[in-house]
Amino acid sequence: MRLVNTYLSEQELKKQEIEVICNLFMKQYTEEIEVNSYKYDDRKSYETDFDLIEIEFQKDNIYKEIDKLIKVHEKAILSIDQNVEIIVANDDTDVEIQLFENDCNNVSGFGLFITKRFIQELEPYYISDICNAYLNFENVSFGVVFE
């Protein structure tokens, strides 16, 4: 599975920030990391994807793996000189980005959404002084079968 970690920002992430984030991922994961940056004319945000290639999660450790992923993003947030919001999903985040750009609080269907904001309508999976993380396995399974 390709695990897409999309950073949404008002300005393009700096090359140095991208390198720091890549290093944070490399300290925790052995999978290949692919980085792509986008700015579409019809979108408000700059998008920077950090994709973990061929990563596999198991039912018995999925929450431990999600927690590890959140910790990586927490450290990344601290290393970036601007506000970012992070969408994590299997294979692609384009639909989620479109929903987010129409309503930045409409994230209930996202697999994992990490932000500094508190979203009134949702209960966070994780709360810290750095970020809040909202987790939903209903629409995004992260490759795990929950039977």
# chains A, B, ... in the order shown; residues from 1 in each chain; ligands from 1
call {"tool": "residues_around", "arguments": {"residues": "range 120-137 of chain A", "least_positions_apart": "5", "cutoff": "8 Å", "atoms": "only C-alpha atoms", "output": "list of chain:residue names"}}
result
A:Ile70, A:Glu74, A:Ile77, A:Leu78, A:Ser108, A:Gly109, A:Phe110, A:Gly111, A:Leu112, A:Phe113, A:Ile114, A:Thr115, A:Phe142
call {"tool": "residues_around", "arguments": {"residues": "Tyr29 in chain A", "least_positions_apart": "3", "cutoff": "10 Å", "atoms": "only C-alpha atoms", "output": "number ranges by chain"}}
result
A: 23-26, 32-33, 52, 55, 68-69
call {"tool": "residues_around", "arguments": {"residues": "Ser141 in chain A", "least_positions_apart": "3", "cutoff": "10 Å", "atoms": "only C-alpha atoms", "output": "list in words"}}
result
Phe57, Lys59, Ile62, Ala89, Asn90, Gly111, Asn136, Phe137, Glu138, Val144, Val145 and Phe146 of chain A
call {"tool": "residues_around", "arguments": {"residues": "Leu99 in chain A", "least_positions_apart": "4", "cutoff": "12 Å", "atoms": "only C-alpha atoms", "output": "list in words"}}
result
Arg43, Ile87, Thr93, Asp94, Val95, Asp103, Cys104, Asn105, Asn106, Val107, Ser108, Gly109 and Phe110 of chain A
call {"tool": "write_last_selection", "arguments": {"atoms": "N, CA, C and O atoms", "output": "PDB file, in the first residue's frame"}}
result
ATOM      1  N   ARG A  43      -6.754  25.576  -6.533  1.00  0.00           N
ATOM      2  CA  ARG A  43      -6.679  25.234  -5.112  1.00  0.00           C
ATOM      3  C   ARG A  43      -6.016  26.342  -4.316  1.00  0.00           C
ATOM      4  O   ARG A  43      -5.135  27.043  -4.805  1.00  0.00           O
ATOM      5  N   ILE A  87      -3.220  15.498   5.909  1.00  0.00           N
ATOM      6  CA  ILE A  87      -4.184  14.447   5.585  1.00  0.00           C
ATOM      7  C   ILE A  87      -3.396  13.181   5.272  1.00  0.00           C
ATOM      8  O   ILE A  87      -2.469  13.206   4.466  1.00  0.00           O
ATOM      9  N   THR A  93      -4.996  11.390  -1.798  1.00  0.00           N
ATOM     10  CA  THR A  93      -5.716  12.309  -0.905  1.00  0.00           C
ATOM     11  C   THR A  93      -6.470  13.380  -1.684  1.00  0.00           C
ATOM     12  O   THR A  93      -6.942  14.348  -1.094  1.00  0.00           O
ATOM     13  N   ASP A  94      -6.610  13.228  -2.981  1.00  0.00           N
ATOM     14  CA  ASP A  94      -7.216  14.278  -3.802  1.00  0.00           C
ATOM     15  C   ASP A  94      -8.656  14.582  -3.395  1.00  0.00           C
ATOM     16  O   ASP A  94      -9.029  15.752  -3.277  1.00  0.00           O
ATOM     17  N   VAL A  95      -9.472  13.569  -3.171  1.00  0.00           N
ATOM     18  CA  VAL A  95     -10.871  13.790  -2.775  1.00  0.00           C
ATOM     19  C   VAL A  95     -10.919  14.519  -1.429  1.00  0.00           C
ATOM     20  O   VAL A  95     -11.686  15.476  -1.252  1.00  0.00           O
ATOM     21  N   ASP A 103     -14.604  23.121   2.834  1.00  0.00           N
ATOM     22  CA  ASP A 103     -14.969  23.314   4.240  1.00  0.00           C
ATOM     23  C   ASP A 103     -13.881  22.679   5.096  1.00  0.00           C
ATOM     24  O   ASP A 103     -13.814  21.451   5.211  1.00  0.00           O
ATOM     25  N   CYS A 104     -13.046  23.495   5.698  1.00  0.00           N
ATOM     26  CA  CYS A 104     -11.875  22.990   6.438  1.00  0.00           C
ATOM     27  C   CYS A 104     -12.249  22.202   7.695  1.00  0.00           C
ATOM     28  O   CYS A 104     -11.375  21.608   8.327  1.00  0.00           O
ATOM     29  N   ASN A 105     -13.516  22.186   8.059  1.00  0.00           N
ATOM     30  CA  ASN A 105     -13.955  21.375   9.198  1.00  0.00           C
ATOM     31  C   ASN A 105     -14.600  20.063   8.760  1.00  0.00           C
ATOM     32  O   ASN A 105     -14.945  19.235   9.600  1.00  0.00           O
ATOM     33  N   ASN A 106     -14.750  19.867   7.465  1.00  0.00           N
ATOM     34  CA  ASN A 106     -15.377  18.660   6.939  1.00  0.00           C
ATOM     35  C   ASN A 106     -14.326  17.565   6.753  1.00  0.00           C
ATOM     36  O   ASN A 106     -13.965  17.214   5.631  1.00  0.00           O
ATOM     37  N   VAL A 107     -13.839  17.036   7.865  1.00  0.00           N
ATOM     38  CA  VAL A 107     -12.762  16.052   7.817  1.00  0.00           C
ATOM     39  C   VAL A 107     -13.164  14.721   8.459  1.00  0.00           C
ATOM     40  O   VAL A 107     -12.326  13.848   8.633  1.00  0.00           O
ATOM     41  N   SER A 108     -14.426  14.573   8.789  1.00  0.00           N
ATOM     42  CA  SER A 108     -14.868  13.383   9.526  1.00  0.00           C
ATOM     43  C   SER A 108     -14.643  12.092   8.739  1.00  0.00           C
ATOM     44  O   SER A 108     -14.451  11.036   9.338  1.00  0.00           O
ATOM     45  N   GLY A 109     -14.652  12.151   7.422  1.00  0.00           N
ATOM     46  CA  GLY A 109     -14.447  10.961   6.616  1.00  0.00           C
ATOM     47  C   GLY A 109     -12.998  10.667   6.278  1.00  0.00           C
ATOM     48  O   GLY A 109     -12.703   9.672   5.622  1.00  0.00           O
ATOM     49  N   PHE A 110     -12.076  11.510   6.721  1.00  0.00           N
ATOM     50  CA  PHE A 110     -10.661  11.321   6.424  1.00  0.00           C
ATOM     51  C   PHE A 110     -10.098  10.198   7.299  1.00  0.00           C
ATOM     52  O   PHE A 110     -10.491  10.045   8.444  1.00  0.00           O
TER      53      PHE A 110
END
call {"tool": "closest_residue", "arguments": {"among": "A:Val20, A:Val140, A:Ile97, A:Met1", "to": "Glu85 in chain A", "atoms": "only C-alpha atoms"}}
result
A:Ile97
call {"tool": "select_by_dssp", "arguments": {"residues": "chain A", "states": "alpha helix (DSSP H)", "output": "PyMOL selection string"}}
result
chain A and resi 15-28+62-79+94-102
call {"tool": "write_last_selection", "arguments": {"atoms": "C-alpha atoms", "output": "PDB file, in the first residue's frame"}}
result
ATOM      1  CA  LYS A  15      13.538  22.555   0.604  1.00  0.00           C
ATOM      2  CA  GLN A  16      15.169  22.432   4.044  1.00  0.00           C
ATOM      3  CA  GLU A  17      11.800  21.717   5.717  1.00  0.00           C
ATOM      4  CA  ILE A  18      11.116  18.896   3.243  1.00  0.00           C
ATOM      5  CA  GLU A  19      14.529  17.383   3.998  1.00  0.00           C
ATOM      6  CA  VAL A  20      13.870  17.552   7.762  1.00  0.00           C
ATOM      7  CA  ILE A  21      10.503  15.831   7.326  1.00  0.00           C
ATOM      8  CA  CYS A  22      12.047  13.129   5.126  1.00  0.00           C
ATOM      9  CA  ASN A  23      14.680  12.499   7.782  1.00  0.00           C
ATOM     10  CA  LEU A  24      11.970  12.204  10.460  1.00  0.00           C
ATOM     11  CA  PHE A  25      10.238   9.538   8.365  1.00  0.00           C
ATOM     12  CA  MET A  26      13.522   7.721   7.623  1.00  0.00           C
ATOM     13  CA  LYS A  27      14.268   7.460  11.357  1.00  0.00           C
ATOM     14  CA  GLN A  28      11.001   5.571  11.899  1.00  0.00           C
ATOM     15  CA  ILE A  62      -2.515  -0.551  13.785  1.00  0.00           C
ATOM     16  CA  TYR A  63      -3.055   1.798  16.730  1.00  0.00           C
ATOM     17  CA  LYS A  64       0.614   1.607  17.708  1.00  0.00           C
ATOM     18  CA  GLU A  65       1.551   2.400  14.089  1.00  0.00           C
ATOM     19  CA  ILE A  66      -0.916   5.308  13.912  1.00  0.00           C
ATOM     20  CA  ASP A  67       0.551   6.688  17.147  1.00  0.00           C
ATOM     21  CA  LYS A  68       4.074   6.420  15.700  1.00  0.00           C
ATOM     22  CA  LEU A  69       2.913   8.227  12.561  1.00  0.00           C
ATOM     23  CA  ILE A  70       1.319  11.018  14.611  1.00  0.00           C
ATOM     24  CA  LYS A  71       4.587  11.482  16.536  1.00  0.00           C
ATOM     25  CA  VAL A  72       6.486  11.893  13.248  1.00  0.00           C
ATOM     26  CA  HIS A  73       3.998  14.532  12.110  1.00  0.00           C
ATOM     27  CA  GLU A  74       4.167  16.278  15.488  1.00  0.00           C
ATOM     28  CA  LYS A  75       7.934  16.672  15.134  1.00  0.00           C
ATOM     29  CA  ALA A  76       7.476  17.855  11.557  1.00  0.00           C
ATOM     30  CA  ILE A  77       4.959  20.498  12.603  1.00  0.00           C
ATOM     31  CA  LEU A  78       7.524  21.878  15.048  1.00  0.00           C
ATOM     32  CA  SER A  79      10.126  22.129  12.265  1.00  0.00           C
ATOM     33  CA  ASP A  94      -7.216  14.278  -3.802  1.00  0.00           C
ATOM     34  CA  VAL A  95     -10.871  13.790  -2.775  1.00  0.00           C
ATOM     35  CA  GLU A  96     -10.044  14.727   0.825  1.00  0.00           C
ATOM     36  CA  ILE A  97      -8.209  17.879  -0.298  1.00  0.00           C
ATOM     37  CA  GLN A  98     -11.185  18.991  -2.368  1.00  0.00           C
ATOM     38  CA  LEU A  99     -13.542  18.455   0.589  1.00  0.00           C
ATOM     39  CA  PHE A 100     -11.135  20.274   2.911  1.00  0.00           C
ATOM     40  CA  GLU A 101     -10.815  23.267   0.589  1.00  0.00           C
ATOM     41  CA  ASN A 102     -14.608  23.596   0.443  1.00  0.00           C
TER      42      ASN A 102
END
call {"tool": "atom_distance", "arguments": {"atom1": "CA of Glu10 in chain A", "atom2": "CA of Phe50 in chain A"}}
result
17.3 Å
call {"tool": "atom_distance", "arguments": {"atom1": "CA of Asn83 in chain A", "atom2": "CA of Asp51 in chain A"}}
result
20.2 Å
call {"tool": "atom_distance", "arguments": {"atom1": "CA of Lys44 in chain A", "atom2": "CA of Arg2 in chain A"}}
result
25.0 Å
call {"tool": "closest_residue", "arguments": {"among": "A:Asn139, A:Ser45, A:Gln11, A:Asn61", "to": "Val88 in chain A", "atoms": "only C-alpha atoms"}}
result
A:Asn139
call {"tool": "closest_residue", "arguments": {"among": "A:Glu31, A:Ile80, A:Ile86, A:Gly143", "to": "Glu54 in chain A", "atoms": "only C-alpha atoms"}}
result
A:Glu31
call {"tool": "select_by_dssp", "arguments": {"residues": "chain A", "states": "strand (DSSP E or B)", "output": "MDAnalysis selection string"}}
result
chainID A and resid 3:9 33:38 46:52 84:90 112:115 126:127 132:135
